[in-house]
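Engineer: What follows is the file entry_22.cif, containing mmCIF, C-alpha atoms:
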```
data_final
loop_
_atom_site.label_atom_id
_atom_site.label_comp_id
_atom_site.auth_asym_id
_atom_site.auth_seq_id
_atom_site.Cartn_x
_atom_site.Cartn_y
_atom_site.Cartn_z
CA MET A 250 169.08 12.26 93.60
CA ALA A 251 168.83 8.77 92.10
CA ASP A 252 168.68 10.15 88.55
CA THR A 253 172.13 11.70 88.95
CA LEU A 254 173.76 8.40 89.85
CA THR A 255 174.65 5.59 87.50
CA PRO A 256 175.75 2.06 88.42
CA PRO A 257 177.92 0.47 89.51
CA GLN A 258 177.82 1.60 93.10
CA PRO A 259 181.36 2.29 94.45
CA THR A 260 182.44 -0.69 96.54
CA LEU A 261 184.92 -0.86 99.39
CA ARG A 262 188.20 -2.60 98.68
CA MET A 263 189.98 -4.54 101.40
CA HIS A 264 192.28 -2.24 103.40
CA LEU A 265 194.20 -4.42 105.82
CA PHE A 266 197.59 -2.74 105.51
CA ASP A 267 196.75 0.97 105.22
CA ALA A 268 199.25 3.33 106.81
CA SER A 269 196.44 5.03 108.74
CA GLY A 270 194.53 1.86 109.59
CA GLY A 271 194.68 -1.89 109.29
CA LEU A 272 197.14 -3.98 111.26
CA GLY A 273 199.31 -1.04 112.29
CA TYR A 274 196.34 0.75 113.79
CA HIS A 275 195.23 -2.35 115.70
CA LEU A 276 198.71 -2.70 117.18
CA ARG A 277 198.65 0.95 118.25
CA ALA A 278 195.28 0.42 119.87
CA LEU A 279 196.59 -2.63 121.72
CA HIS A 280 199.48 -0.63 123.16
CA HIS A 281 197.92 2.79 123.73
CA ARG A 282 194.12 2.57 124.03
CA ARG A 283 194.16 2.54 127.83
CA THR A 284 197.10 4.93 128.22
CA LEU A 285 197.93 7.57 125.59
CA TRP A 286 194.50 7.35 123.96
CA ALA A 287 192.44 7.39 127.15
CA PRO A 288 191.90 11.19 127.40
CA PHE A 289 190.85 11.40 123.77
CA ILE A 290 188.49 8.42 124.03
CA ALA A 291 186.88 10.10 127.04
CA GLN A 292 186.44 13.30 125.01
CA VAL A 293 184.79 11.37 122.15
CA ALA A 294 182.42 9.77 124.66
CA THR A 295 181.42 13.25 125.85
CA TRP A 296 180.79 14.38 122.27
CA LEU A 297 178.67 11.34 121.46
CA ASP A 298 176.74 11.62 124.71
CA SER A 299 175.67 15.13 123.70
CA TRP A 300 174.73 14.18 120.11
CA HIS A 301 171.05 13.30 120.10
CA VAL A 302 169.30 12.42 116.84
CA PRO A 303 165.71 11.27 116.22
CA THR A 304 166.60 8.32 113.99
CA THR A 305 166.75 4.63 114.93
CA HIS A 306 169.30 3.74 112.25
CA LEU A 307 172.94 4.80 112.44
CA VAL A 308 175.54 4.46 109.67
CA ILE A 309 179.14 4.56 110.88
CA VAL A 310 181.82 5.29 108.29
CA GLY A 311 185.30 3.96 109.04
CA PRO A 312 185.04 2.91 112.69
CA SER A 313 187.88 0.36 112.48
CA ALA A 314 187.26 -1.91 115.50
CA GLY A 315 185.39 0.81 117.37
CA TYR A 316 188.21 1.60 119.77
CA THR A 317 186.87 5.12 120.29
CA LEU A 318 183.19 4.09 120.45
CA ASN A 319 181.19 2.93 123.45
CA GLU A 320 178.30 0.54 123.83
CA GLY A 321 176.03 3.02 125.58
CA PHE A 322 176.00 5.26 122.53
CA LEU A 323 175.43 2.40 120.08
CA GLN A 324 172.56 1.03 122.14
CA ARG A 325 170.50 4.11 121.31
CA PHE A 326 169.92 2.73 117.83
CA ASP A 327 167.82 -0.22 116.70
CA ARG A 328 170.14 -0.80 113.76
CA VAL A 329 173.79 0.05 113.12
CA THR A 330 175.32 -0.18 109.64
CA VAL A 331 179.10 -0.19 109.33
CA LEU A 332 181.10 0.85 106.27
CA GLU A 333 184.60 -0.40 107.07
CA PRO A 334 187.14 -1.79 104.56
CA ASP A 335 189.33 -3.66 107.07
CA PRO A 336 188.06 -7.26 107.50
CA LEU A 337 189.93 -7.72 110.78
CA ALA A 338 188.36 -4.51 112.11
CA ARG A 339 184.88 -5.75 111.21
CA PHE A 340 185.51 -9.00 113.09
CA LEU A 341 186.89 -7.22 116.15
CA LEU A 342 184.06 -4.69 116.10
CA ARG A 343 181.48 -7.46 116.39
CA GLN A 344 183.51 -9.08 119.16
CA ARG A 345 183.68 -5.84 121.11
CA PHE A 346 179.95 -5.10 120.80
CA PRO A 347 178.19 -8.48 120.62
CA ARG A 348 174.86 -7.09 121.84
CA ILE A 349 174.59 -4.47 119.09
CA ARG A 350 172.61 -5.31 115.96
CA MET A 351 175.27 -4.53 113.39
CA ASP A 352 175.39 -4.96 109.61
CA CYS A 353 178.61 -4.53 107.64
CA GLU A 354 178.02 -3.28 104.09
CA THR A 355 180.26 -2.46 101.16
CA LEU A 356 179.46 1.07 99.94
CA ASP A 357 182.60 3.16 99.42
CA CYS A 358 181.43 6.71 100.07
CA LEU A 359 184.88 8.30 100.33
CA SER A 360 187.04 7.51 97.33
CA ALA A 361 184.61 8.18 94.49
CA GLY A 362 183.45 11.62 93.46
CA ASN A 363 179.81 10.61 93.77
CA GLY A 364 180.31 8.76 97.05
CA PRO A 365 178.42 11.33 99.15
CA GLN A 366 175.40 11.10 96.83
CA TRP A 367 175.43 7.31 97.07
CA LEU A 368 175.62 7.55 100.86
CA ALA A 369 172.58 9.81 101.01
CA GLN A 370 170.61 7.68 98.54
CA CYS A 371 171.37 4.31 100.15
CA TYR A 372 170.55 5.44 103.70
CA PRO A 373 167.87 8.13 103.41
CA ASP A 374 166.51 7.67 106.94
CA ALA A 375 169.75 7.11 108.83
CA SER A 376 172.00 9.36 110.83
CA ILE A 377 175.60 9.29 109.62
CA LEU A 378 178.71 9.26 111.81
CA PHE A 379 182.22 9.65 110.35
CA THR A 380 184.77 8.35 112.86
CA ASN A 381 188.09 10.06 112.18
CA VAL A 382 188.15 9.16 108.50
CA LEU A 383 187.40 12.40 106.65
CA GLY A 384 190.77 13.90 107.55
CA GLN A 385 192.37 10.83 105.94
CA SER A 386 190.25 10.89 102.78
CA PRO A 387 192.25 11.69 99.62
CA ALA A 388 189.05 13.09 98.09
CA LEU A 389 189.43 16.26 100.16
CA SER A 390 192.61 17.26 98.35
CA THR A 391 192.24 15.50 94.99
CA LEU A 392 188.57 16.09 94.06
CA PRO A 393 187.56 19.74 93.68
CA ARG A 394 184.54 20.78 95.76
CA TRP A 395 184.19 17.31 97.31
CA MET A 396 183.65 18.85 100.74
CA ASP A 397 180.84 21.04 99.40
CA GLU A 398 179.31 18.03 97.67
CA LEU A 399 179.37 16.09 100.93
CA ARG A 400 177.54 18.87 102.75
CA THR A 401 175.01 19.19 99.93
CA ALA A 402 174.35 15.45 99.69
CA LEU A 403 173.80 15.12 103.46
CA ALA A 404 171.86 18.36 103.90
CA GLY A 405 168.73 16.38 104.77
CA HIS A 406 170.49 14.05 107.21
CA PHE A 407 171.57 14.26 110.79
CA TRP A 408 175.31 13.69 110.58
CA ALA A 409 178.47 14.23 112.58
CA SER A 410 182.19 13.78 112.24
CA TRP A 411 185.33 13.88 114.25
CA HIS A 412 188.40 14.18 112.04
CA ASP A 413 192.02 15.21 112.33
CA VAL A 414 192.71 18.74 111.10
CA LEU A 415 196.37 19.09 112.09
CA SER A 416 199.11 16.65 113.04
CA ALA A 417 202.75 16.91 114.03
CA THR A 418 205.59 14.83 115.38
CA THR A 419 206.28 17.28 118.20
CA PRO A 420 203.94 17.89 121.15
CA PRO A 421 201.73 20.98 121.09
CA LEU A 422 202.25 23.75 123.59
CA ALA A 423 201.19 22.98 127.12
CA ASP A 424 197.66 24.20 127.75
CA GLY A 425 196.62 22.69 131.05
CA ASP A 426 194.39 25.56 132.18
CA ARG A 427 191.65 25.10 129.60
CA PRO A 428 190.58 22.67 126.89
CA LEU A 429 191.13 23.48 123.24
CA GLU A 430 188.71 26.18 122.19
CA PRO A 431 187.12 26.54 118.73
CA ALA A 432 189.24 28.54 116.30
CA ASN A 433 188.12 30.89 113.55
CA THR A 434 190.94 29.97 111.16
CA LEU A 435 193.43 27.18 110.71
CA PRO A 436 196.49 29.45 111.11
CA GLU A 437 195.02 30.66 114.41
CA LEU A 438 194.69 27.09 115.62
CA ALA A 439 198.14 26.07 114.42
CA GLY A 440 199.75 29.14 115.99
CA ARG A 441 198.00 28.46 119.27
CA CYS A 442 199.22 24.86 119.41
CA TRP A 443 202.73 25.06 117.92
CA ARG A 444 205.47 27.58 117.29
CA TRP A 445 207.17 27.65 113.94
CA PRO A 446 209.33 26.26 112.42
CA THR A 447 207.56 23.11 113.63
CA GLU A 448 206.34 21.08 110.66
CA VAL A 449 202.57 20.71 110.96
CA CYS A 450 200.47 18.66 108.53
CA ASP A 451 197.19 20.19 107.34
CA HIS A 452 194.56 17.52 106.62
CA ASP A 453 192.34 19.88 104.55
CA SER A 454 189.40 19.21 106.88
CA PHE A 455 189.17 22.33 109.04
CA GLY A 456 185.53 23.44 109.39
CA LEU A 457 184.44 20.45 107.33
CA VAL A 458 180.97 19.95 108.77
CA GLY A 459 180.28 23.67 108.75
CA ARG A 460 179.67 23.90 112.48
CA GLN A 461 182.70 23.37 114.70
CA GLU A 462 181.62 22.21 118.14
CA GLY A 463 184.85 21.07 119.72
CA LEU A 464 188.55 20.38 119.39
CA ALA A 465 190.61 17.74 121.17
CA LEU A 466 194.19 16.57 121.33
CA TRP A 467 194.85 12.96 120.41
CA HIS A 468 198.27 11.63 121.43
CA LEU A 469 198.12 8.89 118.85
CA ALA A 470 201.62 7.48 119.38
CA PRO A 471 204.75 8.47 121.31
CA GLY A 472 205.88 10.64 118.38
CA GLN A 473 202.55 11.66 116.89
CA TRP A 474 199.98 14.23 117.99
CA GLN A 475 196.75 15.20 116.26
CA ILE A 476 194.29 18.03 116.74
CA VAL A 477 190.83 16.57 116.11
CA GLU A 478 187.73 18.58 115.27
CA TRP A 479 184.14 17.61 116.14
CA GLY A 480 181.16 18.95 114.21
CA THR A 481 177.49 18.09 113.77
CA HIS A 482 174.78 18.92 111.27
CA SER A 483 171.00 18.90 111.72
CA PRO A 484 168.66 19.29 108.72
#
```
Please rewrite the model in this file as structure tokens.

Structural biologist:
Amino acid sequence: MADTLTPPQPTLRMHLFDASGGLGYHLRALHHRRTLWAPFIAQVATWLDSWHVPTTHLVIVGPSAGYTLNEGFLQRFDRVTVLEPDPLARFLLRQRFPRIRMDCETLDCLSAGNGPQWLAQCYPDASILFTNVLGQSPALSTLPRWMDELRTALAGHFWASWHDVLSATTPPLADGDRPLEPANTLPELAGRCWRWPTEVCDHDSFGLVGRQEGLALWHLAPGQWQIVEWGTHSP
């Protein structure tokens, strides 16, 4: 693996004003974390509670300030490494979880074509958790086979991801009798949740991990809904 990589290592750039993160995201969290976001945060807690890995080191990619994380999950690990480009998020993350041993490092594993290989090489003994960032990564749509390269690079790791697969500015169909069930195809999922001609954004991340273990609705803002997929991989 190391022979295929050449320096310099891709390094995170400061992202304080990203449309999908930064200050705007912190303001959303301030207004909605205990209201609109509460059902989704509870669903993430259930997913994480069921994800058991044998490692003592966890690498979290893109957690922002950890609004969807909980201390009980983080306490399972002796060491937590954070790859987060937002300096305010890093500060708030430490404030929210002062009892967690947490290191913030600068590897950018998402924007460069060889980012997945760097991630695997730098943290060979860690479990990896992607926290709703892969559906926002431009590499999925701009770099051919990047998704396959991610799976290949992390084949020997325990890793998991929740990521948005679909989003829309209109609410999905009411489905109060049952939670979202796994779907075989993206059109099946979209057709189950919305009726055309609703404009639905595809985030190019459906089935990303290879094993779909859950879907959840995230009411991110009064005019924004996302369908989020959860998947895990064990070597």

Engineer: Please, what distance in Å, to one decimal, runs between atom CA of Gly384 of chain A and atom CA of Ser416 of chain A?

Structural biologist: 10.4 Å

Engineer: Exactly which residues make up the result of the PyMOL selection byres ((chain A and resi 347-359) around 8) on this file, given as a PyMOL selection string?

Structural biologist: chain A and resi 258-261+320+323-324+327-334+339+343-346+360-365+367-368+383+386+388

Engineer: Any chance you could export the current selection's C-alpha atoms as a tab-separated table (two decimals), in the coordinates of the input?

Structural biologist:
```tsv
chain	number	residue	atom	x	y	z
A	258	GLN	CA	177.82	1.60	93.10
A	259	PRO	CA	181.36	2.29	94.45
A	260	THR	CA	182.44	-0.69	96.54
A	261	LEU	CA	184.92	-0.86	99.39
A	320	GLU	CA	178.30	0.54	123.83
A	323	LEU	CA	175.43	2.40	120.08
A	324	GLN	CA	172.56	1.03	122.14
A	327	ASP	CA	167.82	-0.22	116.70
A	328	ARG	CA	170.14	-0.80	113.76
A	329	VAL	CA	173.79	0.05	113.12
A	330	THR	CA	175.32	-0.18	109.64
A	331	VAL	CA	179.10	-0.19	109.33
A	332	LEU	CA	181.10	0.85	106.27
A	333	GLU	CA	184.60	-0.40	107.07
A	334	PRO	CA	187.14	-1.79	104.56
A	339	ARG	CA	184.88	-5.75	111.21
A	343	ARG	CA	181.48	-7.46	116.39
A	344	GLN	CA	183.51	-9.08	119.16
A	345	ARG	CA	183.68	-5.84	121.11
A	346	PHE	CA	179.95	-5.10	120.80
A	360	SER	CA	187.04	7.51	97.33
A	361	ALA	CA	184.61	8.18	94.49
A	362	GLY	CA	183.45	11.62	93.46
A	363	ASN	CA	179.81	10.61	93.77
A	364	GLY	CA	180.31	8.76	97.05
A	365	PRO	CA	178.42	11.33	99.15
A	367	TRP	CA	175.43	7.31	97.07
A	368	LEU	CA	175.62	7.55	100.86
A	383	LEU	CA	187.40	12.40	106.65
A	386	SER	CA	190.25	10.89	102.78
A	388	ALA	CA	189.05	13.09	98.09
```

Engineer: Could you tell me which residues the PyMOL selection byres ((chain A and resi 482) around 6) grabs in this file, written as a ChimeraX atom specification?

Structural biologist: /A:407-408,481,483

Engineer: With the file shown as input, list the residues that the PyMOL selection byres ((chain A and resi 278) around 12) selects, as a PyMOL selection string.

Structural biologist: chain A and resi 270-277+279-287+290+313-317+338+341+468-470

Engineer: Counting only C-alpha atoms, which of A:Leu422, A:Glu437, A:Leu403, A:Trp395 gets nearest to Asp453 of chain A?

Structural biologist: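 Counting only C-alpha atoms, the residue closest to Asp453 of chain A is A:Trp395.
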
Engineer: I'd like the interatomic distance between atom CA of Ile309 of chain A and atom CA of Phe379 of chain A, to a tenth of an Å.

Structural biologist: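 One can read the atom CA of Ile309 of chain A to atom CA of Phe379 of chain A distance as 6.0 Å.
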
Engineer: To one decimal in Å, tell me the separation between atom CA of Ala402 of chain A and atom CA of Pro303 of chain A.

Structural biologist: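 Value for the atom CA of Ala402 of chain A-atom CA of Pro303 of chain A distance: 19.1 Å.
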
Engineer: Can you tell me which residues surround Glu462 of chain A at a distance of at most 8 Å, considering all atoms listed in the file, apart from same-chain residues fewer than 2 positions away, and format the answer as a PDB file with C-alpha atoms, in the frame of the given file?

Structural biologist:
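Result file follows (around.pdb):
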```pdb
ATOM      1  CA  PRO A 431     187.120  26.540 118.730  1.00  0.00           C
ATOM      2  CA  ARG A 460     179.670  23.900 112.480  1.00  0.00           C
ATOM      3  CA  LEU A 464     188.550  20.380 119.390  1.00  0.00           C
ATOM      4  CA  GLU A 478     187.730  18.580 115.270  1.00  0.00           C
ATOM      5  CA  TRP A 479     184.140  17.610 116.140  1.00  0.00           C
ATOM      6  CA  GLY A 480     181.160  18.950 114.210  1.00  0.00           C
ATOM      7  CA  THR A 481     177.490  18.090 113.770  1.00  0.00           C
TER       8      THR A 481
END
```
